[in-house]
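Student: Structure incoming, see below.
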Amino acid sequence: MTSAQPRGPVDSSRIPRYAGPATFARLPRLDEVGTADVAVVGVPFDAGVSYRPGARFGGNAVREASRLLRPYNPAQDASPFALAQVADAGDIAANPFDINEAVETIDAAADELLGTGARLMTLGGDHTIALPLLRAVARRHGPVALLHFDAHLDTWDTYFGAAYTHGTPFRRAVEEGLLDTSALSHVGTRGPLYGKQDLDDDTKMGFGIVTSADVMRRGVDEVAQQLRERIGDRPLYVSIDIDVLDPAHAPGTGTPEAGGLTSRELLEILRGLAGCRIVSADVVEVAPAYDHAEITSVAASHTAYELTTLMTRQIAASRDASTAP
Ligand SMILES: N=C(N)NCCCC(=O)O
Ligand SMILES: [Zn+2]
Ligand SMILES: [Zn+2]
């Protein structure tokens with residue numbers, strides 16, 4: 001965004017919010033505005049899953065659920081869509097029968113969007129897609145800090161000999177030098193593992209863990225503060241697997257684990273990241289076939305809304321700093 005005012009969502013006091021095709025938060029499509037500061041992009045891909053399939057339908061379910069979002073975010077005292085141009089860039093069409101090709105396609109499409117100057121707010125898709133997204137982001141920013149909200153580590157090595165799956169993206173990202181290994185955190189981790197070695201491997205890669213139980217015991221403010229300190233002013237990628245939420249808060253996902261965060265805890269930790277330099281983010285693993293009453297897709301839409309607000313606030317703050325006399 002330079003001089004023109006950002007184009008915001010459809011006015012829901014004039015056009016009922018359930019009317020018309022869904023874009024994220026009823027925002028304009030990218031082709032309607034030309035360029036955007038934040039591009040919301042869907043990646044309908046779920047060929048990397050180890051259990052229940054269906055996350056290929058996640059992005060559109062989140063778009064549908066996001067019709068009820070409103071333009072002012074009181075929790076962050078910001079109107080995200082007025083601070084910067086946010087637009088819906090549609091979907092990246094990835095091959096569902098060839099994971100390697102899909103990974104290349106997602107990388108290339110993300111690279112093109114980032115090349116326009118946009119930050120990405122990606123709606124998955126299974127967690128496999130974080131690898132090509134990180135490749136594209138690291139090409140622009142160098143190795144990035146990673147804040148990974150998930151029940152799972154996603155630093156396993158291979159499944160059935162496959163290197164690119166939803167359980168392996170962050171091990172690949174470390175191996176490829178895409179991540180700043182001094183600032184890697186998992187949040188919300190819980191549930192059974194294959195063995196203790198999983199944790200040892202993860203620690204060796206540089207990850208710190210804030211478990212789901214840690215969040216309960218220590219509280220969201222202390223957790224957010226610790227994360228902010230670890231991240232500092234590094235470029236930050238935030239990856240949110242919706243299964244970080246308890247199945248009561250997100251039943252619509254492929255590998256649910258009991259004992260997770262509430263949606264209130266997740267949203268509050270995110271709000272506590274104000275000031276961090278989020279260069280792109282994703283919300284993945286929404287599988288609407290297992291959802292009820294849009295519980296999961298509503299939670300995911302609010303998650304993406306908070307992330308978008310953080311990004312647009314930071315964009316506006318750095319724009320103001322560069323134009324200050
Ligand atoms: N990324 C998600 N959602 N799940 C990874 C689980 C891998 C496994 O089944 O061991
Ligand atoms: Zn997970
Ligand atoms: Zn995951």
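How things are named: the first chain in the structure tokens is A, the next is B, and so on; residues count from 1 in each chain; ligands count from 1 in the order shown.
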Using only C-alpha atoms and all ligand atoms, find each residue of chain A with at least one atom at most 7 Å away from an atom of ligand 2; report its shortest atom-to-atom pair and that distance in Å (one decimal), sort the rows by chain and rising residue number, and return the result as a tab-separated table.

Tutor:
residue	atom	partner	partner_atom_place_in_ligand_line	distance
A:Asp150	CA	ligand 2	1 (Zn)	4.8
A:Ala151	CA	ligand 2	1 (Zn)	4.8
A:His152	CA	ligand 2	1 (Zn)	4.4
A:Asp241	CA	ligand 2	1 (Zn)	5.4
A:Asp243	CA	ligand 2	1 (Zn)	5.0
A:Val244	CA	ligand 2	1 (Zn)	6.4
A:Thr255	CA	ligand 2	1 (Zn)	6.3

Student: Counting only C-alpha atoms and all ligand atoms, what residues are within 10 Å of ligand 3, given as number ranges by chain?

Tutor: A: 49, 126-130, 148-155, 165-170, 239-244, 254-255, 283-285

Student: Name the closest residue to Ala299 in chain A among the candidates A:Arg139, A:Arg264, A:Arg67, A:Arg218; distances are taken between atoms, counting only C-alpha atoms.

Tutor: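 The closest residue to Ala299 in chain A is A:Arg264.
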
Student: Looking at only C-alpha atoms and all ligand atoms, which of A:Thr158, A:Gln5, A:Thr116, A:Thr23 is the one that sits closest to ligand 1?

Tutor: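 Of A:Thr158, A:Gln5, A:Thr116, A:Thr23, the one nearest ligand 1, counting only C-alpha atoms and all ligand atoms, is A:Thr158.
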
Student: Which of these residues is nearest to ligand 1, using only C-alpha atoms and all ligand atoms: A:Arg313, A:Arg319, A:Arg217, A:Arg190?

Tutor: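 Of A:Arg313, A:Arg319, A:Arg217, A:Arg190, the one nearest ligand 1 is A:Arg190, counting only C-alpha atoms and all ligand atoms.
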
Student: Separation of CA of Arg63 in chain A and CA of Cys276 in chain A, in Å?

Tutor: 25.6 Å

Student: Based on the backbone DSSP call, show me all residues of range 125-289 of chain A assigned alpha helix (DSSP H), as a ChimeraX atom specification.

Tutor: /A:130-141,169-175,197-205,212-218,220-231,263-271

Student: Produce a file of the selected residues containing C-alpha atoms, as a PDB file, in the first residue's frame.

Tutor:
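Heads up, here's the output in selection-v5.pdb:
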ATOM      1  CA  ALA A 130       4.576 -25.350   5.688  1.00  0.00           C
ATOM      2  CA  LEU A 131       7.776 -26.639   4.055  1.00  0.00           C
ATOM      3  CA  PRO A 132       7.322 -25.005   0.628  1.00  0.00           C
ATOM      4  CA  LEU A 133       5.951 -21.880   2.311  1.00  0.00           C
ATOM      5  CA  LEU A 134       9.073 -21.670   4.484  1.00  0.00           C
ATOM      6  CA  ARG A 135      11.286 -22.212   1.456  1.00  0.00           C
ATOM      7  CA  ALA A 136       9.678 -19.243  -0.265  1.00  0.00           C
ATOM      8  CA  VAL A 137       9.817 -17.082   2.875  1.00  0.00           C
ATOM      9  CA  ALA A 138      13.473 -17.947   3.625  1.00  0.00           C
ATOM     10  CA  ARG A 139      14.417 -17.032   0.052  1.00  0.00           C
ATOM     11  CA  ARG A 140      13.269 -13.463   0.811  1.00  0.00           C
ATOM     12  CA  HIS A 141      14.243 -13.108   4.460  1.00  0.00           C
ATOM     13  CA  PRO A 169       7.917 -30.317   7.525  1.00  0.00           C
ATOM     14  CA  PHE A 170      10.011 -28.766  10.280  1.00  0.00           C
ATOM     15  CA  ARG A 171      12.766 -31.395  10.237  1.00  0.00           C
ATOM     16  CA  ARG A 172      13.101 -30.764   6.493  1.00  0.00           C
ATOM     17  CA  ALA A 173      13.082 -27.012   7.112  1.00  0.00           C
ATOM     18  CA  VAL A 174      15.925 -27.309   9.649  1.00  0.00           C
ATOM     19  CA  GLU A 175      17.911 -29.599   7.312  1.00  0.00           C
ATOM     20  CA  GLN A 197      14.044 -40.150  20.949  1.00  0.00           C
ATOM     21  CA  ASP A 198      11.447 -37.945  19.208  1.00  0.00           C
ATOM     22  CA  LEU A 199      12.000 -35.308  21.892  1.00  0.00           C
ATOM     23  CA  ASP A 200      15.791 -35.707  21.878  1.00  0.00           C
ATOM     24  CA  ASP A 201      15.894 -35.251  18.096  1.00  0.00           C
ATOM     25  CA  ASP A 202      13.636 -32.225  18.369  1.00  0.00           C
ATOM     26  CA  THR A 203      15.828 -30.617  21.038  1.00  0.00           C
ATOM     27  CA  LYS A 204      18.942 -31.237  18.915  1.00  0.00           C
ATOM     28  CA  MET A 205      17.279 -29.369  16.052  1.00  0.00           C
ATOM     29  CA  SER A 212      -0.232 -27.590  26.492  1.00  0.00           C
ATOM     30  CA  ALA A 213       0.050 -28.279  30.249  1.00  0.00           C
ATOM     31  CA  ASP A 214       2.684 -25.504  30.564  1.00  0.00           C
ATOM     32  CA  VAL A 215       0.195 -23.044  29.085  1.00  0.00           C
ATOM     33  CA  MET A 216      -2.381 -24.102  31.681  1.00  0.00           C
ATOM     34  CA  ARG A 217       0.084 -23.878  34.604  1.00  0.00           C
ATOM     35  CA  ARG A 218       1.951 -20.719  33.632  1.00  0.00           C
ATOM     36  CA  VAL A 220      -0.955 -17.011  28.600  1.00  0.00           C
ATOM     37  CA  ASP A 221       0.764 -13.739  29.556  1.00  0.00           C
ATOM     38  CA  GLU A 222       3.902 -15.385  30.857  1.00  0.00           C
ATOM     39  CA  VAL A 223       4.042 -17.733  27.871  1.00  0.00           C
ATOM     40  CA  ALA A 224       3.632 -14.872  25.397  1.00  0.00           C
ATOM     41  CA  GLN A 225       6.340 -12.885  27.149  1.00  0.00           C
ATOM     42  CA  GLN A 226       8.772 -15.804  27.020  1.00  0.00           C
ATOM     43  CA  LEU A 227       8.038 -16.302  23.312  1.00  0.00           C
ATOM     44  CA  ARG A 228       8.492 -12.593  22.555  1.00  0.00           C
ATOM     45  CA  GLU A 229      11.858 -12.600  24.315  1.00  0.00           C
ATOM     46  CA  ARG A 230      13.021 -15.650  22.378  1.00  0.00           C
ATOM     47  CA  ILE A 231      11.921 -14.180  19.046  1.00  0.00           C
ATOM     48  CA  SER A 263      -9.435 -21.161  21.584  1.00  0.00           C
ATOM     49  CA  ARG A 264      -9.341 -18.358  24.188  1.00  0.00           C
ATOM     50  CA  GLU A 265      -5.811 -19.341  25.211  1.00  0.00           C
ATOM     51  CA  LEU A 266      -4.598 -19.509  21.616  1.00  0.00           C
ATOM     52  CA  LEU A 267      -6.075 -16.125  20.690  1.00  0.00           C
ATOM     53  CA  GLU A 268      -4.649 -14.496  23.834  1.00  0.00           C
ATOM     54  CA  ILE A 269      -1.141 -15.854  23.253  1.00  0.00           C
ATOM     55  CA  LEU A 270      -1.295 -14.530  19.689  1.00  0.00           C
ATOM     56  CA  ARG A 271      -2.405 -11.093  20.875  1.00  0.00           C
TER      57      ARG A 271
END

Student: Measure the distance from atom 3 (N, counted along the ligand's line) of ligand 1 to CA of Trp156 in chain A in Å and round it to one decimal.

Tutor: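 So the two atoms, atom 3 (N, counted along the ligand's line) of ligand 1 and CA of Trp156 in chain A, lie 11.9 Å apart.
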
Student: Which residue, A:Glu101, A:Asp37, A:Asp246, A:Asp46, has the smallest gap to Val279 in chain A when you use only C-alpha atoms?

Tutor: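 Between A:Glu101, A:Asp37, A:Asp246, A:Asp46, the residue approaching Val279 in chain A most closely is A:Asp37.
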
Student: Kindly indicate which residue among A:Thr296, A:Thr105, A:Ser50, A:Thr308 lies nearest to Phe160 in chain A, using only C-alpha atoms for the distances.

Tutor: A:Ser50

Student: By how many Å are CA of Leu179 in chain A and CA of Glu104 in chain A apart?

Tutor: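 Here the two named atoms are 18.7 Å from each other.
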
Student: Using only C-alpha atoms and all ligand atoms, can you tell me which of A:Gly206, A:Gly252, A:Pro44, A:Pro16 comes closest to ligand 1?

Tutor: A:Gly252

Student: Can you tell me which residues surround Leu68 in chain A at a distance of at most 12 Å, considering only C-alpha atoms, apart from same-chain residues fewer than 5 positions away, and format the answer as an mmCIF file with C-alpha atoms, in the first residue's frame?

Tutor:
data_model
loop_
_atom_site.group_PDB
_atom_site.id
_atom_site.type_symbol
_atom_site.label_atom_id
_atom_site.label_comp_id
_atom_site.auth_asym_id
_atom_site.auth_seq_id
_atom_site.Cartn_x
_atom_site.Cartn_y
_atom_site.Cartn_z
ATOM 1 C CA PRO A 9 -14.624 -5.884 3.386
ATOM 2 C CA VAL A 10 -18.128 -5.791 1.932
ATOM 3 C CA ASP A 11 -20.363 -3.666 4.185
ATOM 4 C CA SER A 12 -22.421 -6.212 6.116
ATOM 5 C CA SER A 13 -24.984 -3.566 7.089
ATOM 6 C CA PRO A 16 -26.146 -9.563 4.329
ATOM 7 C CA ARG A 17 -22.983 -11.315 5.332
ATOM 8 C CA TYR A 18 -24.261 -14.688 4.167
ATOM 9 C CA ALA A 19 -24.829 -13.412 0.595
ATOM 10 C CA ALA A 22 -16.975 -16.233 0.229
ATOM 11 C CA THR A 23 -13.622 -14.513 0.448
ATOM 12 C CA PHE A 24 -11.707 -14.316 3.717
ATOM 13 C CA ALA A 25 -13.526 -11.806 5.965
ATOM 14 C CA ARG A 26 -15.502 -10.638 2.877
ATOM 15 C CA LEU A 27 -12.388 -8.840 1.675
ATOM 16 C CA VAL A 62 -12.476 -21.018 6.957
ATOM 17 C CA ARG A 63 -13.539 -18.509 4.304
ATOM 18 C CA GLU A 294 -18.347 -24.788 12.195
ATOM 19 C CA SER A 297 -13.531 -23.260 11.093
ATOM 20 C CA VAL A 298 -14.817 -20.410 13.277
ATOM 21 C CA ALA A 299 -11.819 -20.883 15.610
ATOM 22 C CA SER A 301 -11.081 -17.832 11.099
ATOM 23 C CA HIS A 302 -10.529 -15.927 14.348
ATOM 24 C CA TYR A 305 -7.949 -12.645 11.962
#

Student: Please report, as a list in words, each residue of range 144-176 of chain A to which DSSP assigns strand (DSSP E) when run on this structure's backbone.

Tutor: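 Put together, the selection reads Val144, Ala145, Leu146, Leu147, His148 and Phe149 of chain A.
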